[in-house]
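K.L.:
Before I ask anything, here is the structure I am working with.
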Amino acid sequence: MSALLPVFLIAAAIDGQAALRHASALAALGPHPWGSPRALAAAQYVAAQFREAGLRDVRLQDFEAAGIHGVNVVATLPGAGSEFVVIGAHHDTAPGAPGAYDDGGGVGVVIEAARVLARQRSRARTLVFVSWDGEEAWFTGRTTTAGSRAFIKQLGAGVRDMVAAVDVEMCGWKGGAPAVHPVPYADPLQPGRFQVVPAWVLSAGLRGARSAGSPLRLGDPLVSWLYQPAVRTFRVQFYGDDLSFEQAGLPALLLSDSSFTAFYPWYHQPTDTADRIHAPALARMGQAVLGVVDELSRVKRGLATEPHWFALFGRVVGWPVLIGLALLSVIPGLAKASSVRGGVFGLRLFQAALFGVFFWRHPVPALWIFLLPNVVGGLPRRRGGVAVAVLPLLALVVLGTVAWLRGFVSGLWTEGWELAIAGLAFALMWAAPPGAATTRGRRTG
């Protein structure tokens, strides 16, 4: 059966027009922020659609936070065993916005994905579909992602059986491309540190979307590799309901077709109406969701915390590979310095130690900034070599500055002393260029 699932998913394509109808119906309510009568109407609409799609145990889940009453919608497709995967979106909107894109499109995709998955005769894990209220709780100034936090709390001891969550955020814009956003969030138990989706969950998501014929970009379609050190250097302002899961130590994927270089122009505005979104874009996201859910329904569970990884060419490399690259990068410089007089080896060893400290604290930014300089600093320098070596750092600074000016980021993950160590290590890289001192066994004069 499992070998036939990818074929089934491709054949049973998402109905983009149906997803658009759901988004249009929700947007037709007008702005429906958390706690409003219209938000309750949105929840009741989603519940009715879940029942029609063939889901079981459809119920309205009441909760209260910051003195505001909210309603989640929860439904299931039973599978073998007690383990389950969560698939969700949020039906509330920002005050003043009809929310066709944020997040009517996401809700429409979840409903239609549920309709397709309900046709499966069997599944390895239970699927729990949720439409959250209170994702836009920021407007209260007192809490965030209220509905998903309440959902997690009401899981109780059953939370240990949750494999992962898939949060379908802002989607349906023809100018975007389906992407997974592994945004690091502040760890409530370790000030200054962050939680991010584990490598095995990200890998499963990318693999599943590919198998369903709708590959996911990582972070951004144009600057995917730069995105990864950037979000680990700069604190990103944007989030979805995955925030609640990550801060609770539970793996979650955030999917959207907005990104840094292609961001929805009508975000949180009264013009976020149904005519702005398109059925083919919703179908692309829905197909990716089917693949992600299928893979998470079968993948072997890994560590709940696995923050150190880098994704390239659709694959995710983990902590051992990052350590290996860090060690290999310093070898050319140490080897070259060992043949030079004048204390150059000690200087280069000190530089490598400083790099090691920064790497241990922030592996991905450290490798992004230092990998090329470490290697170039130990090789004969040709014209342009130094310029090429500093390009990764320059690109990171430029992206961070532009993101800050656009309000995408606020602050750094790196502390002052860490920046000082990184700056000194980078300066020492160029302190004793190879060939500038006397090599052993050779006279100068």
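Chain lettering (A, B, ...) mirrors the order of the structure tokens, residue numbering begins at 1 for each chain separately, and ligand numbering begins at 1 in order of display.
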Could you please write out, as JSON, numbers by chain, every residue of range 231-304 of chain A that DSSP assigns to strand (DSSP E)?

P.N.:
{"A": [234, 235, 236, 252, 253, 254, 255, 256]}

K.L.:
Which residues are near Leu327 in chain A? Cut-off 12 Å, only C-alpha atoms, ignore same chain within fewer than 5 positions. Put them as a count of residues only.

P.N.:
18

K.L.:
Restricting the calculation to only C-alpha atoms: of A:Ala288, A:Val74, A:Leu253, A:Val183, which residue gets closest to Ala230 in chain A?

P.N.:
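Closest to Ala230 in chain A, using only C-alpha atoms: A:Val183.
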
K.L.:
For each of A:Lys153, A:Lys300, A:His181, A:His90, take the minimum atom-to-atom distance to Leu206 in chain A, counting only C-alpha atoms, then give the residue where this is smallest.

P.N.:
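So, comparing all the options, the nearest one is A:His181.
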
K.L.:
I need the residues of range 62-297 of chain A that end up classed as helix (DSSP H, G or I) by DSSP on the backbone, written out as a ChimeraX atom specification.

P.N.:
/A:100-117,137-140,146-161,199-211,224-233,242-247,274-276,279-296

K.L.:
Take the selection from the previous step and output its residues with C-alpha atoms, as a PDB file, in the first residue's frame.

P.N.:
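Listing of out30.pdb after writing:
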```pdb
ATOM      1  CA  ALA A 100      -8.871  35.872   1.874  1.00  0.00           C
ATOM      2  CA  TYR A 101      -5.142  35.139   1.718  1.00  0.00           C
ATOM      3  CA  ASP A 102      -4.352  35.305   5.436  1.00  0.00           C
ATOM      4  CA  ASP A 103      -5.610  32.754   6.096  1.00  0.00           C
ATOM      5  CA  GLY A 104      -8.721  31.889   4.099  1.00  0.00           C
ATOM      6  CA  GLY A 105      -6.537  30.303   1.447  1.00  0.00           C
ATOM      7  CA  GLY A 106      -4.816  28.141   4.044  1.00  0.00           C
ATOM      8  CA  VAL A 107      -8.145  27.009   5.496  1.00  0.00           C
ATOM      9  CA  GLY A 108      -9.443  26.204   2.004  1.00  0.00           C
ATOM     10  CA  VAL A 109      -6.362  24.100   1.291  1.00  0.00           C
ATOM     11  CA  VAL A 110      -6.732  22.221   4.590  1.00  0.00           C
ATOM     12  CA  ILE A 111     -10.420  21.453   3.879  1.00  0.00           C
ATOM     13  CA  GLU A 112      -9.678  20.163   0.390  1.00  0.00           C
ATOM     14  CA  ALA A 113      -6.643  18.170   1.569  1.00  0.00           C
ATOM     15  CA  ALA A 114      -8.925  16.568   4.160  1.00  0.00           C
ATOM     16  CA  ARG A 115     -11.407  15.682   1.413  1.00  0.00           C
ATOM     17  CA  VAL A 116      -8.695  13.921  -0.614  1.00  0.00           C
ATOM     18  CA  LEU A 117      -7.142  12.127   2.361  1.00  0.00           C
ATOM     19  CA  ALA A 137      -3.915  37.549  18.830  1.00  0.00           C
ATOM     20  CA  TRP A 138      -1.020  40.016  18.552  1.00  0.00           C
ATOM     21  CA  PHE A 139      -3.567  42.841  18.308  1.00  0.00           C
ATOM     22  CA  THR A 140      -4.349  42.400  22.029  1.00  0.00           C
ATOM     23  CA  ALA A 146      -3.799  31.814  21.253  1.00  0.00           C
ATOM     24  CA  GLY A 147      -5.836  29.058  19.620  1.00  0.00           C
ATOM     25  CA  SER A 148      -2.974  26.713  18.821  1.00  0.00           C
ATOM     26  CA  ARG A 149      -1.546  27.183  22.313  1.00  0.00           C
ATOM     27  CA  ALA A 150      -4.935  26.195  23.745  1.00  0.00           C
ATOM     28  CA  PHE A 151      -5.105  23.212  21.380  1.00  0.00           C
ATOM     29  CA  ILE A 152      -1.736  21.938  22.602  1.00  0.00           C
ATOM     30  CA  LYS A 153      -2.719  22.432  26.225  1.00  0.00           C
ATOM     31  CA  GLN A 154      -5.957  20.498  25.751  1.00  0.00           C
ATOM     32  CA  LEU A 155      -4.061  17.565  24.227  1.00  0.00           C
ATOM     33  CA  GLY A 156      -2.772  16.849  27.725  1.00  0.00           C
ATOM     34  CA  ALA A 157      -0.709  13.679  28.017  1.00  0.00           C
ATOM     35  CA  GLY A 158      -1.677  12.752  24.459  1.00  0.00           C
ATOM     36  CA  VAL A 159       0.781  15.338  23.182  1.00  0.00           C
ATOM     37  CA  ARG A 160       3.547  12.736  23.413  1.00  0.00           C
ATOM     38  CA  ASP A 161       1.932  10.878  20.497  1.00  0.00           C
ATOM     39  CA  ALA A 199      16.131  18.307  10.450  1.00  0.00           C
ATOM     40  CA  TRP A 200      14.260  15.005  10.102  1.00  0.00           C
ATOM     41  CA  VAL A 201      10.875  16.766   9.917  1.00  0.00           C
ATOM     42  CA  LEU A 202      12.135  19.292   7.365  1.00  0.00           C
ATOM     43  CA  SER A 203      13.702  16.518   5.310  1.00  0.00           C
ATOM     44  CA  ALA A 204      10.453  14.522   5.365  1.00  0.00           C
ATOM     45  CA  GLY A 205       8.473  17.579   4.305  1.00  0.00           C
ATOM     46  CA  LEU A 206      10.738  18.390   1.365  1.00  0.00           C
ATOM     47  CA  ARG A 207      10.803  14.747   0.287  1.00  0.00           C
ATOM     48  CA  GLY A 208       7.029  14.380   0.518  1.00  0.00           C
ATOM     49  CA  ALA A 209       6.272  17.521  -1.490  1.00  0.00           C
ATOM     50  CA  ARG A 210       8.634  16.367  -4.245  1.00  0.00           C
ATOM     51  CA  SER A 211       6.964  12.970  -4.401  1.00  0.00           C
ATOM     52  CA  SER A 224      17.288  29.874  -0.213  1.00  0.00           C
ATOM     53  CA  TRP A 225      20.886  29.280   0.886  1.00  0.00           C
ATOM     54  CA  LEU A 226      21.314  32.813   2.233  1.00  0.00           C
ATOM     55  CA  TYR A 227      17.931  32.615   3.987  1.00  0.00           C
ATOM     56  CA  GLN A 228      19.170  29.858   6.293  1.00  0.00           C
ATOM     57  CA  PRO A 229      22.056  31.719   7.968  1.00  0.00           C
ATOM     58  CA  ALA A 230      19.994  34.925   7.853  1.00  0.00           C
ATOM     59  CA  VAL A 231      17.114  33.622   9.997  1.00  0.00           C
ATOM     60  CA  ARG A 232      19.653  32.223  12.467  1.00  0.00           C
ATOM     61  CA  THR A 233      21.397  35.593  12.656  1.00  0.00           C
ATOM     62  CA  ASP A 242       3.926  26.704  14.263  1.00  0.00           C
ATOM     63  CA  LEU A 243       5.251  29.136  16.883  1.00  0.00           C
ATOM     64  CA  SER A 244       3.071  27.489  19.551  1.00  0.00           C
ATOM     65  CA  PHE A 245       4.348  24.020  18.696  1.00  0.00           C
ATOM     66  CA  GLU A 246       8.035  24.915  18.468  1.00  0.00           C
ATOM     67  CA  GLN A 247       7.952  26.777  21.775  1.00  0.00           C
ATOM     68  CA  ALA A 274     -10.845  36.866  -2.764  1.00  0.00           C
ATOM     69  CA  ASP A 275     -10.073  38.423  -6.151  1.00  0.00           C
ATOM     70  CA  ARG A 276      -6.408  38.622  -5.106  1.00  0.00           C
ATOM     71  CA  ALA A 279      -7.147  28.562  -7.747  1.00  0.00           C
ATOM     72  CA  PRO A 280      -3.976  27.180  -9.435  1.00  0.00           C
ATOM     73  CA  ALA A 281      -1.811  28.657  -6.651  1.00  0.00           C
ATOM     74  CA  LEU A 282      -4.039  27.044  -4.023  1.00  0.00           C
ATOM     75  CA  ALA A 283      -3.871  23.741  -5.894  1.00  0.00           C
ATOM     76  CA  ARG A 284      -0.055  23.877  -5.924  1.00  0.00           C
ATOM     77  CA  MET A 285       0.050  24.422  -2.173  1.00  0.00           C
ATOM     78  CA  GLY A 286      -2.574  21.735  -1.598  1.00  0.00           C
ATOM     79  CA  GLN A 287      -0.619  19.191  -3.596  1.00  0.00           C
ATOM     80  CA  ALA A 288       2.484  19.961  -1.538  1.00  0.00           C
ATOM     81  CA  VAL A 289       0.464  19.534   1.667  1.00  0.00           C
ATOM     82  CA  LEU A 290      -0.742  16.101   0.528  1.00  0.00           C
ATOM     83  CA  GLY A 291       2.844  14.985  -0.040  1.00  0.00           C
ATOM     84  CA  VAL A 292       4.099  16.397   3.255  1.00  0.00           C
ATOM     85  CA  VAL A 293       1.298  14.747   5.230  1.00  0.00           C
ATOM     86  CA  ASP A 294       1.795  11.424   3.471  1.00  0.00           C
ATOM     87  CA  GLU A 295       5.513  11.419   4.315  1.00  0.00           C
ATOM     88  CA  LEU A 296       4.955  12.459   7.927  1.00  0.00           C
TER      89      LEU A 296
END
```

K.L.:
Rank A:Gly88, A:Gly342, A:Pro373, A:Gly407 by their smallest atom-to-atom distance to Asn72 in chain A, using only C-alpha atoms, and report the top residue only.

P.N.:
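So, comparing all the options, the nearest one is A:Gly88.
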
K.L.:
CA of Lys174 in chain A and CA of Val316 in chain A, how far apart in Å?

P.N.:
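CA of Val316 in chain A sits 27.7 Å away from CA of Lys174 in chain A.
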
K.L.:
Quick one: of A:Leu189, A:Arg315, A:Pro270, A:Glu83, who's nearest to Gly30 in chain A, counting only C-alpha atoms?

P.N.:
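Of the candidates, the smallest distance to Gly30 in chain A is held by A:Pro270.
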
K.L.:
Find the residues near Phe358 in chain A: any atom within 12 Å, counting only C-alpha atoms, skip ones fewer than 6 places away on the same chain, and give them as a ChimeraX atom specification.

P.N.:
/A:326,351-352,364-370,414-426

K.L.:
For the selection you just gave me, I'd like the residues written to a file as a short mmCIF file (atom, residue, chain, number, x, y, z; two decimals), in the first residue's frame, keeping C-alpha atoms.

P.N.:
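Result went into out.cif, see below:
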```
data_model
loop_
_atom_site.label_atom_id
_atom_site.label_comp_id
_atom_site.auth_asym_id
_atom_site.auth_seq_id
_atom_site.Cartn_x
_atom_site.Cartn_y
_atom_site.Cartn_z
CA ALA A 326 34.16 23.33 10.06
CA GLN A 351 41.99 32.39 15.00
CA ALA A 352 40.79 28.80 14.50
CA VAL A 364 25.12 27.81 10.34
CA PRO A 365 26.03 31.54 10.38
CA ALA A 366 29.60 30.63 11.32
CA LEU A 367 30.03 28.31 8.36
CA TRP A 368 28.35 30.76 6.02
CA ILE A 369 30.68 33.58 7.04
CA PHE A 370 33.94 31.68 7.57
CA THR A 414 24.02 36.71 18.42
CA GLU A 415 25.09 38.39 21.66
CA GLY A 416 27.64 41.18 21.89
CA TRP A 417 30.51 39.00 23.06
CA GLU A 418 29.80 36.51 20.28
CA LEU A 419 29.96 39.28 17.69
CA ALA A 420 33.26 40.44 19.19
CA ILE A 421 34.73 36.95 18.91
CA ALA A 422 33.50 36.57 15.33
CA GLY A 423 34.87 40.00 14.37
CA LEU A 424 38.29 39.26 15.86
CA ALA A 425 38.42 35.84 14.18
CA PHE A 426 37.56 37.41 10.84
#
```

K.L.:
Fewer than 5 positions away in the same chain doesn't count, so skip those; otherwise give me all residues within 9 Å of Val85 in chain A, counting only C-alpha atoms, as number ranges by chain.

P.N.:
A: 125-129, 161-166, 293, 296-297

K.L.:
Using C-alpha atoms, can you write the selected residues to a file as a tab-separated table (two decimals), in the first residue's frame?

P.N.:
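Resulting contents of out_35.tsv:
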```tsv
chain	number	residue	atom	x	y	z
A	125	ARG	CA	-1.11	7.38	11.61
A	126	THR	CA	-4.17	9.33	12.65
A	127	LEU	CA	-4.58	12.71	11.00
A	128	VAL	CA	-5.91	15.56	13.13
A	129	PHE	CA	-7.28	18.55	11.19
A	161	ASP	CA	1.93	10.88	20.50
A	162	MET	CA	2.10	13.88	18.17
A	163	VAL	CA	4.63	13.27	15.39
A	164	ALA	CA	4.58	16.74	13.84
A	165	ALA	CA	2.29	19.61	12.85
A	166	VAL	CA	1.83	21.14	9.40
A	293	VAL	CA	1.30	14.75	5.23
A	296	LEU	CA	4.96	12.46	7.93
A	297	SER	CA	2.36	9.71	8.25
```

K.L.:
Quick one: distance from CA of Asp167 in chain A to CA of Glu135 in chain A in Å, one decimal?

P.N.:
11.2 Å

K.L.:
Could you give me, as a ChimeraX atom specification, the residues within 9 Å of range 31-40 of chain A, counting only C-alpha atoms and dropping anything in the same chain fewer than 4 positions from it?

P.N.:
/A:26-27,44-45,68-71,91-99,133-137,270

K.L.:
Interatomic distance between CA of Gly343 in chain A and CA of Val357 in chain A?

P.N.:
21.7 Å
